[in-house]
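target.cif (mmCIF, C-alpha atoms) appears below.
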data_start
#
loop_
_atom_site.label_atom_id
_atom_site.label_comp_id
_atom_site.auth_asym_id
_atom_site.auth_seq_id
_atom_site.Cartn_x
_atom_site.Cartn_y
_atom_site.Cartn_z
CA PHE A 29 0.00 0.00 0.00
CA ASP A 30 2.92 2.36 0.67
CA TYR A 31 4.22 1.93 -2.89
CA HIS A 32 0.70 2.48 -4.17
CA ARG A 33 0.32 5.68 -2.17
CA GLN A 34 3.82 7.02 -2.80
CA HIS A 35 4.50 5.88 -6.35
CA GLY A 36 1.11 5.08 -7.83
CA THR A 37 2.12 1.42 -8.24
CA ARG A 38 -0.77 -0.80 -9.32
CA ILE A 39 -1.54 -3.18 -6.47
CA LYS A 40 -4.02 -5.88 -5.65
CA VAL A 41 -4.35 -7.23 -2.11
CA MET A 42 -6.12 -10.52 -1.46
CA ARG A 43 -6.71 -12.42 1.75
CA ILE A 44 -6.64 -16.12 0.95
CA PHE A 45 -8.59 -18.45 3.22
CA ASN A 46 -8.32 -22.25 3.64
CA THR A 47 -7.65 -23.67 0.20
CA TYR A 48 -7.30 -27.32 -0.77
CA GLY A 49 -6.86 -29.45 -3.86
CA PRO A 50 -4.41 -31.56 -5.83
CA LYS A 51 -0.71 -30.67 -5.52
CA MET A 52 -0.90 -29.99 -1.78
CA ASP A 53 2.06 -31.16 0.25
CA PRO A 54 1.06 -34.19 2.32
CA ASN A 55 3.10 -32.85 5.25
CA ASP A 56 1.91 -29.24 5.19
CA GLY A 57 0.00 -29.59 8.45
CA ARG A 58 -3.32 -28.52 6.96
CA VAL A 59 -6.42 -30.32 8.15
CA VAL A 60 -7.59 -31.46 4.69
CA SER A 61 -4.27 -33.04 3.73
CA ASN A 62 -3.82 -34.49 7.23
CA PHE A 63 -7.22 -36.19 7.20
CA ILE A 64 -6.84 -37.53 3.65
CA VAL A 65 -3.35 -38.92 4.25
CA GLN A 66 -4.41 -40.50 7.55
CA ALA A 67 -7.44 -42.11 5.88
CA LEU A 68 -5.47 -43.39 2.89
CA GLN A 69 -2.87 -44.91 5.20
CA GLY A 70 -5.54 -46.53 7.38
CA GLN A 71 -4.52 -44.47 10.39
CA ASP A 72 -6.96 -42.97 12.84
CA ILE A 73 -8.07 -39.47 11.93
CA THR A 74 -7.04 -37.08 14.67
CA ILE A 75 -9.42 -34.31 15.67
CA TYR A 76 -8.26 -31.78 18.22
CA GLY A 77 -11.12 -30.78 20.47
CA ASP A 78 -14.63 -32.15 20.08
CA GLY A 79 -14.76 -31.47 16.34
CA SER A 80 -17.37 -28.74 16.60
CA GLN A 81 -14.99 -25.96 15.59
CA THR A 82 -15.72 -24.79 12.05
CA ARG A 83 -13.65 -24.06 8.99
CA SER A 84 -14.46 -23.16 5.43
CA PHE A 85 -12.67 -24.81 2.54
CA CYS A 86 -12.13 -23.30 -0.91
CA PHE A 87 -11.14 -25.59 -3.78
CA LYS A 88 -8.02 -24.39 -5.60
CA ASP A 89 -9.84 -23.79 -8.91
CA ASP A 90 -12.25 -21.40 -7.19
CA LEU A 91 -9.32 -19.61 -5.55
CA LEU A 92 -7.56 -19.22 -8.90
CA ASN A 93 -10.74 -17.84 -10.49
CA GLY A 94 -11.05 -15.31 -7.65
CA MET A 95 -7.40 -14.38 -8.01
CA GLN A 96 -7.82 -13.87 -11.74
CA ALA A 97 -10.95 -11.77 -11.22
CA LEU A 98 -9.08 -9.49 -8.81
CA MET A 99 -6.02 -9.19 -11.06
CA ASN A 100 -8.23 -8.29 -14.04
CA SER A 101 -10.28 -5.75 -12.08
CA ASP A 102 -10.10 -2.01 -12.56
CA ASN A 103 -6.93 -0.32 -11.32
CA ALA A 104 -8.95 1.58 -8.72
CA ILE A 105 -9.77 -1.70 -6.99
CA THR A 106 -6.87 -2.46 -4.69
CA GLY A 107 -8.44 -4.51 -1.92
CA PRO A 108 -8.01 -6.10 0.44
CA ILE A 109 -10.56 -8.60 -0.82
CA ASN A 110 -11.25 -11.92 0.89
CA ILE A 111 -11.16 -14.98 -1.35
CA GLY A 112 -12.44 -18.15 0.24
CA ASN A 113 -15.54 -20.21 0.74
CA PRO A 114 -17.99 -18.90 3.36
CA ILE A 115 -19.74 -22.26 3.79
CA GLU A 116 -18.70 -23.65 7.15
CA PHE A 117 -18.15 -27.27 8.09
CA THR A 118 -17.27 -28.64 11.46
CA ILE A 119 -13.95 -30.43 11.64
CA LYS A 120 -15.90 -33.60 12.45
CA GLU A 121 -17.99 -33.16 9.27
CA LEU A 122 -14.77 -32.84 7.25
CA ALA A 123 -13.40 -36.04 8.78
CA GLU A 124 -16.65 -37.85 8.03
CA ALA A 125 -16.65 -36.57 4.42
CA VAL A 126 -13.10 -37.85 3.91
CA ILE A 127 -13.94 -41.25 5.44
CA ALA A 128 -17.02 -41.48 3.20
CA GLN A 129 -14.86 -41.06 0.08
CA VAL A 130 -11.87 -43.20 1.09
CA ASP A 131 -12.06 -46.99 1.42
CA THR A 132 -10.55 -47.02 4.91
CA LYS A 133 -10.89 -48.54 8.33
CA SER A 134 -9.84 -45.24 9.91
CA GLN A 135 -11.67 -44.16 13.03
CA ILE A 136 -11.97 -40.65 14.40
CA VAL A 137 -9.98 -40.05 17.59
CA TYR A 138 -10.13 -36.93 19.71
CA LYS A 139 -7.25 -35.14 21.41
CA PRO A 140 -7.21 -31.97 23.50
CA LEU A 141 -7.83 -28.73 21.63
CA PRO A 142 -4.80 -26.41 21.63
CA SER A 143 -5.57 -23.19 23.49
CA ASP A 144 -4.74 -21.02 20.46
CA ASP A 145 -7.00 -22.90 18.03
CA PRO A 146 -9.89 -20.68 16.89
CA THR A 147 -13.37 -22.15 17.09
CA ARG A 148 -14.50 -20.51 13.85
CA ARG A 149 -12.93 -19.39 10.58
CA LYS A 150 -15.23 -18.00 7.95
CA PRO A 151 -14.34 -15.40 5.31
CA ASP A 152 -16.66 -12.51 4.54
CA ILE A 153 -16.66 -12.49 0.73
CA THR A 154 -19.15 -9.65 0.32
CA LYS A 155 -16.60 -7.46 -1.52
CA ALA A 156 -15.61 -10.33 -3.83
CA LYS A 157 -19.25 -10.87 -4.75
CA GLU A 158 -20.08 -7.19 -5.20
CA ILE A 159 -16.88 -5.89 -6.80
CA LEU A 160 -15.55 -8.93 -8.66
CA ASN A 161 -18.81 -10.80 -9.24
CA TRP A 162 -17.00 -13.82 -7.79
CA GLU A 163 -18.01 -16.57 -5.44
CA PRO A 164 -16.86 -20.17 -5.09
CA LYS A 165 -18.73 -22.81 -7.10
CA ILE A 166 -17.17 -26.15 -6.10
CA LYS A 167 -18.73 -27.93 -3.12
CA LEU A 168 -16.47 -29.61 -0.56
CA GLU A 169 -17.51 -33.17 -1.47
CA GLU A 170 -16.88 -32.42 -5.16
CA GLY A 171 -13.41 -30.98 -4.52
CA LEU A 172 -12.41 -33.77 -2.17
CA LYS A 173 -12.63 -36.36 -4.95
CA PRO A 174 -9.69 -35.12 -7.10
CA THR A 175 -7.77 -34.19 -3.96
CA ILE A 176 -8.08 -37.73 -2.60
CA GLU A 177 -7.15 -39.18 -6.01
CA TYR A 178 -4.04 -36.98 -6.07
CA PHE A 179 -2.93 -38.06 -2.58
CA ALA A 180 -3.60 -41.73 -3.37
CA LYS A 181 -1.33 -41.52 -6.43
CA LEU A 182 1.29 -39.54 -4.51
CA LEU A 183 1.39 -42.03 -1.64
CA ALA A 184 1.55 -44.93 -4.12
CA GLY A 185 4.58 -43.35 -5.78
CA GLU A 186 2.74 -42.90 -9.10
CA ILE A 187 3.43 -39.16 -9.12
CA GLN A 188 6.00 -36.90 -7.49
CA LEU A 189 5.41 -33.80 -5.40
#
Encoded form using C-alpha cells:
Amino acid sequence: FDYHRQHGTRIKVMRIFNTYGPKMDPNDGRVVSNFIVQALQGQDITIYGDGSQTRSFCFKDDLLNGMQALMNSDNAITGPINIGNPIEFTIKELAEAVIAQVDTKSQIVYKPLPSDDPTRRKPDITKAKEILNWEPKIKLEEGLKPTIEYFAKLLAGEIQL
C-alpha cells in the first residue's frame, strides 16, 4: 500500500482463506491433507477438540478464479478482498466426508484442543461478490474427490510432489 500511495504502483491485495486441492504437500499440516493422508494410510483421523470448531474450505480452482478476477479488475480496486468459501463445516464433518470417500478402516480419535485454536474461521466475501462478481462454485464433497485421487497416487509413488 505504501508503494501504491507514494509511487502510484498498481496493487491488488487478497486475503486467501483455507484452500485445498491436488498438488498440496502431504506434510503441510493442513487439516484437509492431514485427514486424507491419515485415511489413505488406514490411520486414525485425529481431531483436536470435540470437532465442533468450524472451517471453510475453498477448492483451488475457485481460488484461482477469484485471483484472476481481482487481477483483471479495474486499477482503482486495490483490496483487500477476501477470497475463500464462506460455507462452514465442522472439523468432524470434514473427517466424516473424507472417510465417506476413502475406502478405509480409519476411526476418528479426539485429542485436547490447543488453546490457540480458533473455534471458527469464515471469510466474509461480500466485496468479492459485489466488486468482482466472484463466489466459489465447487462444493467440498466435489473438490475432495480429485484431492483424494491426487494423494492416493502420490502415496503410491505414481506421481511426485
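If you look at atom CA of A:Ile136 and atom CA of A:Thr47, they are 22.6 Å away from each other.
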Expanded to explicit residues, what is the PyMOL selection byres ((chain A and resi 181-184) around 10) for this file, as an NGL selection string?
:A and (50-51 or 53-54 or 65 or 68-69 or 176-180 or 185-189)
Using only C-alpha atoms, which of A:Ile111, A:Ile39, A:Ile153, A:Val60 sits nearest A:Asn93?
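Checking each of A:Ile111, A:Ile39, A:Ile153, A:Val60 against A:Asn93, counting only C-alpha atoms, the winner is A:Ile111.
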Which residues would end up in the selection if the PyMOL selection byres ((chain A and resi 64) around 12) were applied here, given that I need the answer as JSON, numbers by chain?
{"A": [48, 49, 50, 52, 53, 54, 55, 57, 58, 59, 60, 61, 62, 63, 65, 66, 67, 68, 69, 70, 71, 72, 73, 74, 122, 123, 124, 125, 126, 127, 128, 129, 130, 131, 132, 134, 172, 173, 174, 175, 176, 177, 178, 179, 180, 182, 183]}
6 Å per side around stretch 41-60 of chain A: axis-aligned box centre and edge lengths, as JSON:
{"center_x": -2.7, "center_y": -20.7, "center_z": 1.3, "size_x": 23.7, "size_y": 39.0, "size_z": 26.3}
Closest to A:Lys150 among A:Val137, A:Cys86, A:Leu91, A:Ala97, using only C-alpha atoms?
A:Cys86
List the residues selected by the PyMOL selection byres ((chain A and resi 31-34) around 12) in the file shown, writing them as a list in words.
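With the shown file as input, the PyMOL selection byres ((chain A and resi 31-34) around 12) matches Phe29, Asp30, His35, Gly36, Thr37, Arg38, Ile39, Lys40, Val41, Asn103, Ala104, Ile105, Thr106 and Gly107 of chain A.
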Pick from A:Pro146, A:Ser80, A:Phe87, A:Lys157 nearest to A:Asn113, counting only C-alpha atoms
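Nearest candidate to A:Asn113 out of A:Pro146, A:Ser80, A:Phe87, A:Lys157: A:Phe87.
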Point out the residue among A:Leu92, A:Met42, A:Ile119, A:Leu98 with the least atom-to-atom distance to A:Pro164, counting only C-alpha atoms.
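Among A:Leu92, A:Met42, A:Ile119, A:Leu98, it is A:Leu92 that comes nearest to A:Pro164.
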For the atom pair atom CA of A:Ile115 and atom CA of A:Phe85, what is the interatomic distance in Å to one decimal place?
7.6 Å
